[in-house]
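So the structure is just underneath, and the comments pick up after that.
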Amino acid sequence: MVQPRVSGTLKERAFISAMPQHALFNVYDLLFARYGPQHWWPADGPFEVIAGAILTQSAAWANVEKAINNLKLADALTPAALRDMAPGKLAQLLYPCGYYNAKAKKLKSFADHLKINHGDSLNHLFDQPVDILRKELLSIHGVGDETADSIILYAAGNPVFVIDTYTRRIFKRLGFNQAGSRYEDFQAWFMDILPPDMRLFNEYHALLVRHGKEVCKKTPLCRDCCIGVLCRYRGSSLT
DNA sequence: GGCCAGGACACCA
DNA sequence: TGGTGTCATGGC
């Protein structure tokens, strides 16, 4: 495979900054052309999505899969089973994905909340306006911005754009510094430009993670890496 | 042996 | 409001 030359000239980056709407769609098209559909979220049902979203916090997905498999083998991947299990036993099952004591507490907090407020019904939890749902999720111990949005998008099926480390890194290094540094500013920038399409948001986030994992972290200058790779698929320009 | 991985929270200035 | 320490294993 031919490595891209160092590109991303000042002229190219200036154009990207001036035309964020076009560039945002072009970046998606280029990533999709390169990687194809990602079929996210890899889980059996919405509760497994939620558990995975909590367990993947600062952890490699391969290790999260081991922990989820442990939960399945112990028949513990239900809210009731998580509540009933002793904290030490649950932590033991979560051991492969790290932070096992903290994550055991987080899973139990979610299971407790679901029982108390929704009778263990995810449909009841999800059957409310997205802004209300998001505030409720954020009130649960262990659920922050990214985890809440992952749950809303991948478990509830509502179009919110998930902002993660890879998304910030890739777009900042592509020159989109006007997006702001706060989570909500970055998210608003995406959602103001893109149509509220659940499938688009799903695929876009997954593609950014795929690209971040496979390309950006292996290149010292990610800015050049991203622009170089992306430009290679559209000649010499991101336009 | 060091660094990083699909973050969140508590604490402090 | 923003910065920092903590939580912790597994793969490269």
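In the structure tokens, the first chain shown is A, the next is B, and so on; residue numbers restart at 1 for each chain, and ligands run from 1 in the order shown.
Residue-level contacts from chain B to chain A at 9 Å, counting only C-alpha atoms (C1' of nucleotides), read B:DC4, B:DA5, B:DG6, B:DG7, B:DA8, B:DC9.
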Exercise. Dump as a PyMOL selection string the residues of chain A that approach chain C to within 6 Å, counting only C-alpha atoms (C1' of nucleotides).
Key: chain A and resi 96-99
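Reported to one decimal place, the separation of CA of Val160 (chain A) from CA of Met191 (chain A) is 7.5 Å.
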Practice problem: Return as a PyMOL selection string the full set of residues in region 32-61 of chain A whose backbone-based DSSP assignment is helix (DSSP H, G or I). | Solution: chain A and resi 32-35+46-55+61
Limited to C-alpha atoms, could you put the picked residues into a file as an mmCIF file, in the first residue's frame?
data_model
loop_
_atom_site.group_PDB
_atom_site.id
_atom_site.type_symbol
_atom_site.label_atom_id
_atom_site.label_comp_id
_atom_site.auth_asym_id
_atom_site.auth_seq_id
_atom_site.Cartn_x
_atom_site.Cartn_y
_atom_site.Cartn_z
ATOM 1 C CA PHE A 32 -17.329 5.278 3.826
ATOM 2 C CA ALA A 33 -15.661 4.689 0.466
ATOM 3 C CA ARG A 34 -12.527 3.530 2.282
ATOM 4 C CA TYR A 35 -14.004 1.364 5.055
ATOM 5 C CA PRO A 46 -30.316 -2.475 23.691
ATOM 6 C CA PHE A 47 -29.326 -3.487 27.219
ATOM 7 C CA GLU A 48 -26.102 -5.026 25.930
ATOM 8 C CA VAL A 49 -25.462 -1.761 24.068
ATOM 9 C CA ILE A 50 -25.825 0.126 27.341
ATOM 10 C CA ALA A 51 -23.545 -2.247 29.228
ATOM 11 C CA GLY A 52 -20.983 -2.014 26.432
ATOM 12 C CA ALA A 53 -21.156 1.786 26.401
ATOM 13 C CA ILE A 54 -20.304 1.869 30.106
ATOM 14 C CA LEU A 55 -17.643 -0.833 29.946
ATOM 15 C CA TRP A 61 -13.133 -2.909 22.797
#
